[in-house]
file final24.cif (mmCIF, C-alpha atoms, pLDDT in the B column; chains and numbers go by the auth columns)
data_structure
#
loop_
_atom_site.group_PDB
_atom_site.id
_atom_site.type_symbol
_atom_site.label_atom_id
_atom_site.label_comp_id
_atom_site.label_asym_id
_atom_site.label_seq_id
_atom_site.Cartn_x
_atom_site.Cartn_y
_atom_site.Cartn_z
_atom_site.B_iso_or_equiv
_atom_site.auth_seq_id
_atom_site.auth_asym_id
ATOM 1 C CA MET A 1 -100.469 90.462 116.051 48.00 67 W
ATOM 2 C CA SER A 2 -99.194 87.079 117.255 45.00 68 W
ATOM 3 C CA HIS A 3 -98.045 86.117 120.760 44.00 69 W
ATOM 4 C CA GLY A 4 -100.874 88.108 122.330 41.00 70 W
ATOM 5 C CA VAL A 5 -98.855 91.280 121.821 47.00 71 W
ATOM 6 C CA GLU A 6 -100.352 94.189 123.701 44.00 72 W
ATOM 7 C CA ASN A 7 -100.668 97.575 122.100 43.00 73 W
ATOM 8 C CA LYS A 8 -97.617 98.949 123.911 51.00 74 W
ATOM 9 C CA GLU A 9 -95.539 96.117 122.420 81.00 75 W
ATOM 10 C CA ARG A 10 -96.520 96.709 118.849 92.00 76 W
ATOM 11 C CA GLY A 11 -94.051 97.619 116.152 97.00 77 W
ATOM 12 C CA TYR A 12 -93.846 99.539 112.899 98.00 78 W
ATOM 13 C CA LEU A 13 -93.031 98.412 109.383 98.00 79 W
ATOM 14 C CA VAL A 14 -90.715 100.678 107.367 98.00 80 W
ATOM 15 C CA ILE A 15 -90.557 100.350 103.581 98.00 81 W
ATOM 16 C CA PRO A 16 -88.088 102.585 101.691 98.00 82 W
ATOM 17 C CA VAL A 17 -89.318 103.099 98.113 97.00 83 W
ATOM 18 C CA ARG A 18 -87.923 104.749 95.017 96.00 84 W
ATOM 19 C CA ASN A 19 -89.698 104.371 91.682 95.00 85 W
ATOM 20 C CA GLU A 20 -91.580 101.147 92.436 96.00 86 W
ATOM 21 C CA GLU A 21 -95.015 102.068 91.050 96.00 87 W
ATOM 22 C CA GLU A 22 -95.410 98.674 89.393 95.00 88 W
ATOM 23 C CA SER A 23 -94.769 96.636 92.527 95.00 89 W
ATOM 24 C CA ILE A 24 -95.458 98.682 95.650 97.00 90 W
ATOM 25 C CA GLY A 25 -99.246 98.310 95.501 97.00 91 W
ATOM 26 C CA LYS A 26 -99.054 94.515 95.571 96.00 92 W
ATOM 27 C CA VAL A 27 -96.406 94.638 98.305 96.00 93 W
ATOM 28 C CA ILE A 28 -98.655 96.743 100.546 97.00 94 W
ATOM 29 C CA GLN A 29 -101.728 94.628 99.843 97.00 95 W
ATOM 30 C CA ASP A 30 -99.863 91.384 100.535 96.00 96 W
ATOM 31 C CA ILE A 31 -98.671 92.791 103.855 97.00 97 W
ATOM 32 C CA LEU A 32 -102.137 94.000 104.839 97.00 98 W
ATOM 33 C CA ASP A 33 -103.540 90.569 103.999 97.00 99 W
ATOM 34 C CA LEU A 34 -101.280 89.085 106.697 96.00 100 W
ATOM 35 C CA CYS A 35 -103.255 91.053 109.333 96.00 101 W
ATOM 36 C CA ILE A 36 -100.074 91.715 111.314 96.00 102 W
ATOM 37 C CA PHE A 37 -99.975 95.489 111.026 97.00 103 W
ATOM 38 C CA GLN A 38 -102.620 98.127 111.300 96.00 104 W
ATOM 39 C CA ARG A 39 -102.461 100.640 108.463 97.00 105 W
ATOM 40 C CA LYS A 40 -101.133 103.329 110.821 97.00 106 W
ATOM 41 C CA GLU A 41 -98.216 101.023 111.674 98.00 107 W
ATOM 42 C CA ILE A 42 -96.923 100.924 108.103 98.00 108 W
ATOM 43 C CA ILE A 43 -94.519 103.672 107.036 98.00 109 W
ATOM 44 C CA VAL A 44 -93.573 103.998 103.376 98.00 110 W
ATOM 45 C CA VAL A 45 -90.739 106.429 102.755 98.00 111 W
ATOM 46 C CA ASP A 46 -90.746 107.800 99.228 98.00 112 W
ATOM 47 C CA ASN A 47 -87.080 108.373 98.503 98.00 113 W
ATOM 48 C CA GLY A 48 -87.184 110.832 95.626 97.00 114 W
ATOM 49 C CA SER A 49 -89.469 108.854 93.321 97.00 115 W
ATOM 50 C CA THR A 50 -90.227 110.351 89.925 97.00 116 W
ATOM 51 C CA ASP A 51 -93.133 107.994 89.239 96.00 117 W
ATOM 52 C CA LYS A 52 -96.503 107.375 90.899 97.00 118 W
ATOM 53 C CA SER A 53 -95.210 105.317 93.842 97.00 119 W
ATOM 54 C CA ALA A 54 -96.351 107.799 96.503 97.00 120 W
ATOM 55 C CA ALA A 55 -99.808 108.241 94.966 97.00 121 W
ATOM 56 C CA ILE A 56 -100.354 104.492 94.829 97.00 122 W
ATOM 57 C CA VAL A 57 -99.278 104.028 98.440 97.00 123 W
ATOM 58 C CA SER A 58 -101.534 106.869 99.592 96.00 124 W
ATOM 59 C CA ASN A 59 -104.572 104.933 98.369 97.00 125 W
ATOM 60 C CA PHE A 60 -103.951 102.315 101.069 98.00 126 W
ATOM 61 C CA GLY A 61 -104.254 104.745 103.968 97.00 127 W
ATOM 62 C CA VAL A 62 -100.791 104.022 105.355 98.00 128 W
ATOM 63 C CA ASN A 63 -98.234 106.618 106.400 98.00 129 W
ATOM 64 C CA VAL A 64 -96.321 108.150 103.494 98.00 130 W
ATOM 65 C CA LEU A 65 -93.167 110.149 104.202 98.00 131 W
ATOM 66 C CA PHE A 66 -91.064 112.027 101.676 98.00 132 W
ATOM 67 C CA GLN A 67 -87.281 112.037 101.791 98.00 133 W
ATOM 68 C CA PRO A 68 -85.865 113.773 98.702 97.00 134 W
ATOM 69 C CA LYS A 69 -82.253 113.075 99.734 97.00 135 W
ATOM 70 C CA LEU A 70 -81.444 109.874 97.932 96.00 136 W
ATOM 71 C CA GLY A 71 -80.098 106.943 99.865 96.00 137 W
ATOM 72 C CA TYR A 72 -81.390 103.858 101.654 96.00 138 W
ATOM 73 C CA GLY A 73 -80.051 105.127 104.964 97.00 139 W
ATOM 74 C CA ASN A 74 -81.659 108.519 104.449 98.00 140 W
ATOM 75 C CA ALA A 75 -85.026 106.844 103.941 98.00 141 W
ATOM 76 C CA CYS A 76 -84.706 104.778 107.121 98.00 142 W
ATOM 77 C CA LEU A 77 -83.481 107.783 109.098 98.00 143 W
ATOM 78 C CA ALA A 78 -86.503 109.777 107.908 98.00 144 W
ATOM 79 C CA ALA A 79 -88.812 107.127 109.371 98.00 145 W
ATOM 80 C CA ILE A 80 -86.937 107.173 112.679 98.00 146 W
ATOM 81 C CA ALA A 81 -87.054 110.978 112.824 98.00 147 W
ATOM 82 C CA TRP A 82 -90.812 110.858 112.172 98.00 148 W
ATOM 83 C CA MET A 83 -91.350 108.439 115.054 98.00 149 W
ATOM 84 C CA LYS A 84 -89.187 110.519 117.371 97.00 150 W
ATOM 85 C CA ASN A 85 -91.055 113.669 116.431 97.00 151 W
ATOM 86 C CA LEU A 86 -94.370 112.031 117.329 97.00 152 W
ATOM 87 C CA GLU A 87 -92.800 110.611 120.497 96.00 153 W
ATOM 88 C CA LEU A 88 -93.696 107.108 119.423 96.00 154 W
ATOM 89 C CA LYS A 89 -91.932 104.320 121.263 94.00 155 W
ATOM 90 C CA PRO A 90 -92.726 101.047 119.506 97.00 156 W
ATOM 91 C CA ALA A 91 -91.223 97.799 120.713 97.00 157 W
ATOM 92 C CA TRP A 92 -89.488 97.293 117.387 98.00 158 W
ATOM 93 C CA ILE A 93 -89.366 98.261 113.752 98.00 159 W
ATOM 94 C CA LEU A 94 -89.213 95.913 110.816 98.00 160 W
ATOM 95 C CA ILE A 95 -87.649 96.979 107.524 98.00 161 W
ATOM 96 C CA CYS A 96 -88.370 95.428 104.146 96.00 162 W
ATOM 97 C CA ASP A 97 -87.945 96.359 100.504 95.00 163 W
ATOM 98 C CA GLY A 98 -90.735 97.656 98.308 94.00 164 W
ATOM 99 C CA ASP A 99 -89.825 95.882 95.072 93.00 165 W
ATOM 100 C CA GLY A 100 -91.599 92.625 95.882 92.00 166 W
ATOM 101 C CA SER A 101 -88.433 90.559 96.251 93.00 167 W
ATOM 102 C CA ASP A 102 -89.050 89.887 99.960 93.00 168 W
ATOM 103 C CA ASP A 103 -91.665 87.238 100.742 93.00 169 W
ATOM 104 C CA PRO A 104 -94.330 88.835 102.995 92.00 170 W
ATOM 105 C CA ALA A 105 -94.868 85.484 104.726 92.00 171 W
ATOM 106 C CA ASP A 106 -91.373 85.802 106.190 97.00 172 W
ATOM 107 C CA ILE A 107 -92.393 88.904 108.131 97.00 173 W
ATOM 108 C CA GLN A 108 -94.290 86.788 110.651 96.00 174 W
ATOM 109 C CA LYS A 109 -91.306 84.426 110.922 97.00 175 W
ATOM 110 C CA LEU A 110 -89.031 87.306 111.912 98.00 176 W
ATOM 111 C CA ILE A 111 -91.503 88.613 114.492 97.00 177 W
ATOM 112 C CA ASP A 112 -91.994 85.136 115.968 97.00 178 W
ATOM 113 C CA CYS A 113 -88.230 84.597 116.254 97.00 179 W
ATOM 114 C CA PHE A 114 -87.768 88.057 117.766 98.00 180 W
ATOM 115 C CA TYR A 115 -90.086 87.212 120.656 97.00 181 W
ATOM 116 C CA LYS A 116 -89.219 83.547 121.039 97.00 182 W
ATOM 117 C CA GLU A 117 -85.472 84.212 121.258 97.00 183 W
ATOM 118 C CA SER A 118 -85.732 87.581 123.043 97.00 184 W
ATOM 119 C CA ALA A 119 -83.476 88.917 120.307 98.00 185 W
ATOM 120 C CA ASP A 120 -82.370 92.474 119.710 98.00 186 W
ATOM 121 C CA ILE A 121 -82.084 91.968 115.956 98.00 187 W
ATOM 122 C CA VAL A 122 -83.349 89.230 113.646 98.00 188 W
ATOM 123 C CA ILE A 123 -82.007 89.278 110.100 97.00 189 W
ATOM 124 C CA GLY A 124 -83.509 87.407 107.185 97.00 190 W
ATOM 125 C CA SER A 125 -80.812 85.446 105.369 96.00 191 W
ATOM 126 C CA ARG A 126 -81.545 85.103 101.691 94.00 192 W
ATOM 127 C CA THR A 127 -78.596 82.808 101.021 91.00 193 W
ATOM 128 C CA THR A 128 -79.781 80.113 103.457 92.00 194 W
ATOM 129 C CA GLY A 129 -83.404 80.302 102.344 91.00 195 W
ATOM 130 C CA VAL A 130 -85.129 79.523 99.063 88.00 196 W
ATOM 131 C CA VAL A 131 -83.684 81.831 96.419 85.00 197 W
ATOM 132 C CA GLU A 132 -85.489 82.159 93.110 83.00 198 W
ATOM 133 C CA PRO A 133 -83.040 81.835 90.191 83.00 199 W
ATOM 134 C CA GLY A 134 -81.917 85.242 88.973 75.00 200 W
ATOM 135 C CA SER A 135 -82.904 87.099 92.134 76.00 201 W
ATOM 136 C CA LEU A 136 -79.382 87.389 93.546 75.00 202 W
ATOM 137 C CA GLY A 137 -76.638 88.257 91.095 73.00 203 W
ATOM 138 C CA PHE A 138 -73.016 87.154 91.291 69.00 204 W
ATOM 139 C CA ALA A 139 -71.851 90.576 92.466 69.00 205 W
ATOM 140 C CA GLN A 140 -74.395 90.575 95.318 75.00 206 W
ATOM 141 C CA ARG A 141 -73.420 87.085 96.406 80.00 207 W
ATOM 142 C CA PHE A 142 -69.709 87.835 96.240 81.00 208 W
ATOM 143 C CA GLY A 143 -70.034 91.135 98.103 82.00 209 W
ATOM 144 C CA ASN A 144 -72.170 89.524 100.800 86.00 210 W
ATOM 145 C CA SER A 145 -69.731 86.629 101.188 90.00 211 W
ATOM 146 C CA LEU A 146 -66.718 88.930 101.439 92.00 212 W
ATOM 147 C CA THR A 147 -68.341 91.142 104.046 94.00 213 W
ATOM 148 C CA CYS A 148 -69.505 88.146 106.064 95.00 214 W
ATOM 149 C CA VAL A 149 -65.967 86.734 106.044 96.00 215 W
ATOM 150 C CA LEU A 150 -64.679 90.065 107.370 97.00 216 W
ATOM 151 C CA LEU A 151 -67.306 90.058 110.123 97.00 217 W
ATOM 152 C CA LYS A 152 -66.198 86.575 111.134 97.00 218 W
ATOM 153 C CA LEU A 153 -62.506 87.518 111.120 97.00 219 W
ATOM 154 C CA PHE A 154 -62.844 90.771 113.050 97.00 220 W
ATOM 155 C CA TYR A 155 -65.826 90.057 115.309 97.00 221 W
ATOM 156 C CA GLY A 156 -65.987 86.285 115.564 96.00 222 W
ATOM 157 C CA LYS A 157 -69.649 86.187 114.524 96.00 223 W
ATOM 158 C CA GLN A 158 -70.803 84.107 111.581 95.00 224 W
ATOM 159 C CA PHE A 159 -73.296 85.676 109.201 96.00 225 W
ATOM 160 C CA SER A 160 -74.442 84.468 105.810 95.00 226 W
ATOM 161 C CA ASP A 161 -76.095 87.588 104.414 94.00 227 W
ATOM 162 C CA LEU A 162 -76.609 91.329 104.865 92.00 228 W
ATOM 163 C CA GLY A 163 -80.243 91.024 103.866 91.00 229 W
ATOM 164 C CA PRO A 164 -82.564 94.036 103.974 93.00 230 W
ATOM 165 C CA LEU A 165 -85.434 92.169 105.674 97.00 231 W
ATOM 166 C CA ARG A 166 -84.778 92.638 109.390 98.00 232 W
ATOM 167 C CA ILE A 167 -86.417 93.470 112.696 98.00 233 W
ATOM 168 C CA ILE A 168 -84.685 95.425 115.444 98.00 234 W
ATOM 169 C CA ARG A 169 -85.698 96.425 118.946 98.00 235 W
ATOM 170 C CA TYR A 170 -86.526 100.127 118.726 98.00 236 W
ATOM 171 C CA ALA A 171 -84.695 101.186 121.901 98.00 237 W
ATOM 172 C CA LYS A 172 -81.559 99.384 120.716 98.00 238 W
ATOM 173 C CA LEU A 173 -81.857 100.947 117.281 98.00 239 W
ATOM 174 C CA ILE A 174 -81.843 104.396 118.844 98.00 240 W
ATOM 175 C CA SER A 175 -78.855 103.490 121.029 97.00 241 W
ATOM 176 C CA LEU A 176 -76.854 102.470 117.948 98.00 242 W
ATOM 177 C CA GLY A 177 -77.002 106.008 116.600 97.00 243 W
ATOM 178 C CA LEU A 178 -76.933 104.937 112.954 98.00 244 W
ATOM 179 C CA LYS A 179 -75.895 107.702 110.600 97.00 245 W
ATOM 180 C CA ASP A 180 -75.021 106.270 107.205 97.00 246 W
ATOM 181 C CA PRO A 181 -77.205 107.922 104.557 97.00 247 W
ATOM 182 C CA THR A 182 -76.770 105.400 101.776 95.00 248 W
ATOM 183 C CA TRP A 183 -75.632 101.812 101.245 92.00 249 W
ATOM 184 C CA GLY A 184 -73.608 101.461 104.437 95.00 250 W
ATOM 185 C CA TRP A 185 -76.765 101.354 106.581 96.00 251 W
ATOM 186 C CA ASN A 186 -77.003 97.578 107.009 95.00 252 W
ATOM 187 C CA ILE A 187 -73.301 96.979 107.661 96.00 253 W
ATOM 188 C CA GLU A 188 -73.242 99.907 110.085 97.00 254 W
ATOM 189 C CA MET A 189 -76.101 98.245 111.969 98.00 255 W
ATOM 190 C CA HIS A 190 -74.217 94.935 112.030 97.00 256 W
ATOM 191 C CA ILE A 191 -70.969 96.390 113.305 97.00 257 W
ATOM 192 C CA LYS A 192 -72.404 98.718 115.920 97.00 258 W
ATOM 193 C CA ALA A 193 -74.706 95.972 117.164 98.00 259 W
ATOM 194 C CA LEU A 194 -71.713 93.648 117.542 97.00 260 W
ATOM 195 C CA GLN A 195 -69.738 96.353 119.301 97.00 261 W
ATOM 196 C CA GLN A 196 -72.591 96.817 121.751 97.00 262 W
ATOM 197 C CA LYS A 197 -72.913 93.038 122.105 97.00 263 W
ATOM 198 C CA LEU A 198 -76.549 92.914 121.064 98.00 264 W
ATOM 199 C CA LYS A 199 -78.232 89.581 120.476 98.00 265 W
ATOM 200 C CA ILE A 200 -78.369 89.064 116.712 98.00 266 W
ATOM 201 C CA ILE A 201 -80.016 86.073 115.083 98.00 267 W
ATOM 202 C CA GLU A 202 -80.235 85.020 111.447 97.00 268 W
ATOM 203 C CA ILE A 203 -83.063 82.948 110.043 98.00 269 W
ATOM 204 C CA PRO A 204 -83.613 81.687 106.475 97.00 270 W
ATOM 205 C CA VAL A 205 -86.024 83.671 104.324 96.00 271 W
ATOM 206 C CA ASN A 206 -87.215 83.343 100.758 95.00 272 W
ATOM 207 C CA TYR A 207 -86.038 85.739 98.101 93.00 273 W
ATOM 208 C CA ARG A 208 -87.801 86.320 94.811 86.00 274 W
ATOM 209 C CA LYS A 209 -86.844 87.827 91.520 78.00 275 W
ATOM 210 C CA ARG A 210 -88.402 91.260 91.207 71.00 276 W
ATOM 211 C CA ARG A 211 -91.326 91.184 88.808 65.00 277 W
ATOM 212 C CA PHE A 212 -90.969 94.720 87.482 61.00 278 W
ATOM 213 C CA GLY A 213 -88.169 97.146 86.762 58.00 279 W
ATOM 214 C CA VAL A 214 -84.435 96.767 87.285 58.00 280 W
ATOM 215 C CA SER A 215 -82.592 96.769 90.587 56.00 281 W
ATOM 216 C CA LYS A 216 -80.945 100.099 91.379 54.00 282 W
ATOM 217 C CA ILE A 217 -77.830 98.171 92.359 56.00 283 W
ATOM 218 C CA SER A 218 -77.475 94.753 90.737 54.00 284 W
ATOM 219 C CA GLY A 219 -78.798 96.014 87.405 54.00 285 W
ATOM 220 C CA ASN A 220 -75.922 98.469 87.018 60.00 286 W
ATOM 221 C CA ILE A 221 -72.229 97.484 87.217 69.00 287 W
ATOM 222 C CA VAL A 222 -71.203 101.028 88.151 74.00 288 W
ATOM 223 C CA MET A 223 -73.636 100.960 91.069 71.00 289 W
ATOM 224 C CA VAL A 224 -72.379 97.528 92.120 75.00 290 W
ATOM 225 C CA ILE A 225 -68.853 98.924 92.370 82.00 291 W
ATOM 226 C CA ARG A 226 -69.996 102.054 94.216 85.00 292 W
ATOM 227 C CA VAL A 227 -72.079 100.089 96.693 85.00 293 W
ATOM 228 C CA GLY A 228 -69.333 97.529 97.278 86.00 294 W
ATOM 229 C CA THR A 229 -66.782 100.256 97.870 90.00 295 W
ATOM 230 C CA LYS A 230 -69.063 102.053 100.310 92.00 296 W
ATOM 231 C CA ILE A 231 -69.753 98.889 102.286 93.00 297 W
ATOM 232 C CA LEU A 232 -66.057 98.058 102.597 94.00 298 W
ATOM 233 C CA PHE A 233 -65.186 101.634 103.540 94.00 299 W
ATOM 234 C CA THR A 234 -67.893 101.643 106.207 96.00 300 W
ATOM 235 C CA PHE A 235 -66.715 98.303 107.559 96.00 301 W
ATOM 236 C CA PHE A 236 -63.087 99.300 107.982 96.00 302 W
ATOM 237 C CA TYR A 237 -63.824 102.821 109.184 95.00 303 W
ATOM 238 C CA LEU A 238 -66.146 101.612 111.948 96.00 304 W
ATOM 239 C CA THR A 239 -63.912 98.675 112.829 96.00 305 W
ATOM 240 C CA LEU A 240 -60.693 100.671 113.034 94.00 306 W
ATOM 241 C CA PHE A 241 -61.909 104.012 114.332 90.00 307 W
ATOM 242 C CA SER A 242 -65.004 103.210 116.338 75.00 308 W
ATOM 243 C CA SER A 243 -65.777 101.297 119.495 58.00 309 W
ATOM 244 C CA SER A 244 -68.840 100.511 121.570 51.00 310 W
ATOM 245 C CA LYS A 245 -67.858 103.269 123.978 41.00 311 W
ATOM 246 C CA LYS A 246 -67.583 105.861 121.253 41.00 312 W
ATOM 247 C CA ILE A 247 -70.984 105.126 119.749 36.00 313 W
ATOM 248 C CA ARG A 248 -73.121 104.862 122.847 35.00 314 W
#
call {"tool": "encode", "arguments": {"input": "final24.cif", "output": "structure tokens"}}
result
Amino acid sequence: MSHGVENKERGYLVIPVRNEEESIGKVIQDILDLCIFQRKEIIVVDNGSTDKSAAIVSNFGVNVLFQPKLGYGNACLAAIAWMKNLELKPAWILICDGDGSDDPADIQKLIDCFYKESADIVIGSRTTGVVEPGSLGFAQRFGNSLTCVLLKLFYGKQFSDLGPLRIIRYAKLISLGLKDPTWGWNIEMHIKALQQKLKIIEIPVNYRKRRFGVSKISGNIVMVIRVGTKILFTFFYLTLFSSSKKIR
């Protein structure tokens, strides 16, 4: 790992996956080819897949967890619970998607920024990076823009995206006490991090159109509405009824 990182400073990669048998193998191989993570430092959380995703991942010798309760947050929480149970205390965890839309090369950029800036959280911004046509739909762009405007109005911090590719200091992640089981996970992280005055940095990342399958969210207008509603509900609930003192 770069920066001469000692073993005690190493981190873990968490990849939530649900029905990505066509893409997850390439995603894992591309990440391994970067030589950043050891296989034991990669955690793939199978979130109720009905295809061969878990079997494909198992062939790579990485950690495979099973979380049958659907939801992005549930998958991430399962990885955290696993690390707690093993009494692991990594320096950080990095989260990325398993559909191949994130550019693996950006993983090193996030890690480098994390150390260089002594950040608590580094978020990959898709909207300020190179976006492949068709990778971000109108609903995603609009929802991101609206939420970022709200963050600016209520917290005075400018963001450009709520991208899934992000790295967070493990100790700070635990202190946030994230609970959202589904699509409010990222916005909950944003708000609680702002309330605790953590150092958050955005950097541009590339975003690609998924090569296989259809997005669970952008490919379904009903899901777009459900996700958007959940994000807004989470934002206003945490903003109006929570504070840094309450969530410590």
call {"tool": "atom_distance", "arguments": {"input": "final24.cif", "atom1": "CA of Asp227 in chain W", "atom2": "CA of Glu254 in chain W"}}
result
13.9 Å
call {"tool": "residues_around", "arguments": {"input": "final24.cif", "residues": "range 235-240 of chain W", "least_positions_apart": "2", "cutoff": "6 Å", "atoms": "only C-alpha atoms", "output": "list in words"}}
result
Ala157, Trp158, Asp186, Leu242 and Gly243 of chain W
call {"tool": "atom_distance", "arguments": {"input": "final24.cif", "atom1": "CA of Val196 in chain W", "atom2": "CA of Val271 in chain W"}}
result
6.8 Å
call {"tool": "resolve_selection", "arguments": {"input": "final24.cif", "expression": "the PyMOL selection byres ((chain W and resi 75-83) around 6)", "output": "PyMOL selection string"}}
result
chain W and resi 71-74+84+107-113+141+156-164
call {"tool": "residues_around", "arguments": {"input": "final24.cif", "residues": "range 98-102 of chain W", "least_positions_apart": "4", "cutoff": "12 Å", "atoms": "all atoms listed in the file", "output": "PyMOL selection string"}}
result
chain W and resi 67-71+76-79+91-94+106-108+126-128+160+169-178
call {"tool": "write_last_selection", "arguments": {"input": "final24.cif", "atoms": "C-alpha atoms", "output": "PDB file, in the coordinates of the input"}}
result
ATOM      1  CA  MET W  67    -100.469  90.462 116.051  1.00 48.00           C
ATOM      2  CA  SER W  68     -99.194  87.079 117.255  1.00 45.00           C
ATOM      3  CA  HIS W  69     -98.045  86.117 120.760  1.00 44.00           C
ATOM      4  CA  GLY W  70    -100.874  88.108 122.330  1.00 41.00           C
ATOM      5  CA  VAL W  71     -98.855  91.280 121.821  1.00 47.00           C
ATOM      6  CA  ARG W  76     -96.520  96.709 118.849  1.00 92.00           C
ATOM      7  CA  GLY W  77     -94.051  97.619 116.152  1.00 97.00           C
ATOM      8  CA  TYR W  78     -93.846  99.539 112.899  1.00 98.00           C
ATOM      9  CA  LEU W  79     -93.031  98.412 109.383  1.00 98.00           C
ATOM     10  CA  GLY W  91     -99.246  98.310  95.501  1.00 97.00           C
ATOM     11  CA  LYS W  92     -99.054  94.515  95.571  1.00 96.00           C
ATOM     12  CA  VAL W  93     -96.406  94.638  98.305  1.00 96.00           C
ATOM     13  CA  ILE W  94     -98.655  96.743 100.546  1.00 97.00           C
ATOM     14  CA  LYS W 106    -101.133 103.329 110.821  1.00 97.00           C
ATOM     15  CA  GLU W 107     -98.216 101.023 111.674  1.00 98.00           C
ATOM     16  CA  ILE W 108     -96.923 100.924 108.103  1.00 98.00           C
ATOM     17  CA  PHE W 126    -103.951 102.315 101.069  1.00 98.00           C
ATOM     18  CA  GLY W 127    -104.254 104.745 103.968  1.00 97.00           C
ATOM     19  CA  VAL W 128    -100.791 104.022 105.355  1.00 98.00           C
ATOM     20  CA  LEU W 160     -89.213  95.913 110.816  1.00 98.00           C
ATOM     21  CA  ASP W 169     -91.665  87.238 100.742  1.00 93.00           C
ATOM     22  CA  PRO W 170     -94.330  88.835 102.995  1.00 92.00           C
ATOM     23  CA  ALA W 171     -94.868  85.484 104.726  1.00 92.00           C
ATOM     24  CA  ASP W 172     -91.373  85.802 106.190  1.00 97.00           C
ATOM     25  CA  ILE W 173     -92.393  88.904 108.131  1.00 97.00           C
ATOM     26  CA  GLN W 174     -94.290  86.788 110.651  1.00 96.00           C
ATOM     27  CA  LYS W 175     -91.306  84.426 110.922  1.00 97.00           C
ATOM     28  CA  LEU W 176     -89.031  87.306 111.912  1.00 98.00           C
ATOM     29  CA  ILE W 177     -91.503  88.613 114.492  1.00 97.00           C
ATOM     30  CA  ASP W 178     -91.994  85.136 115.968  1.00 97.00           C
TER      31      ASP W 178
END
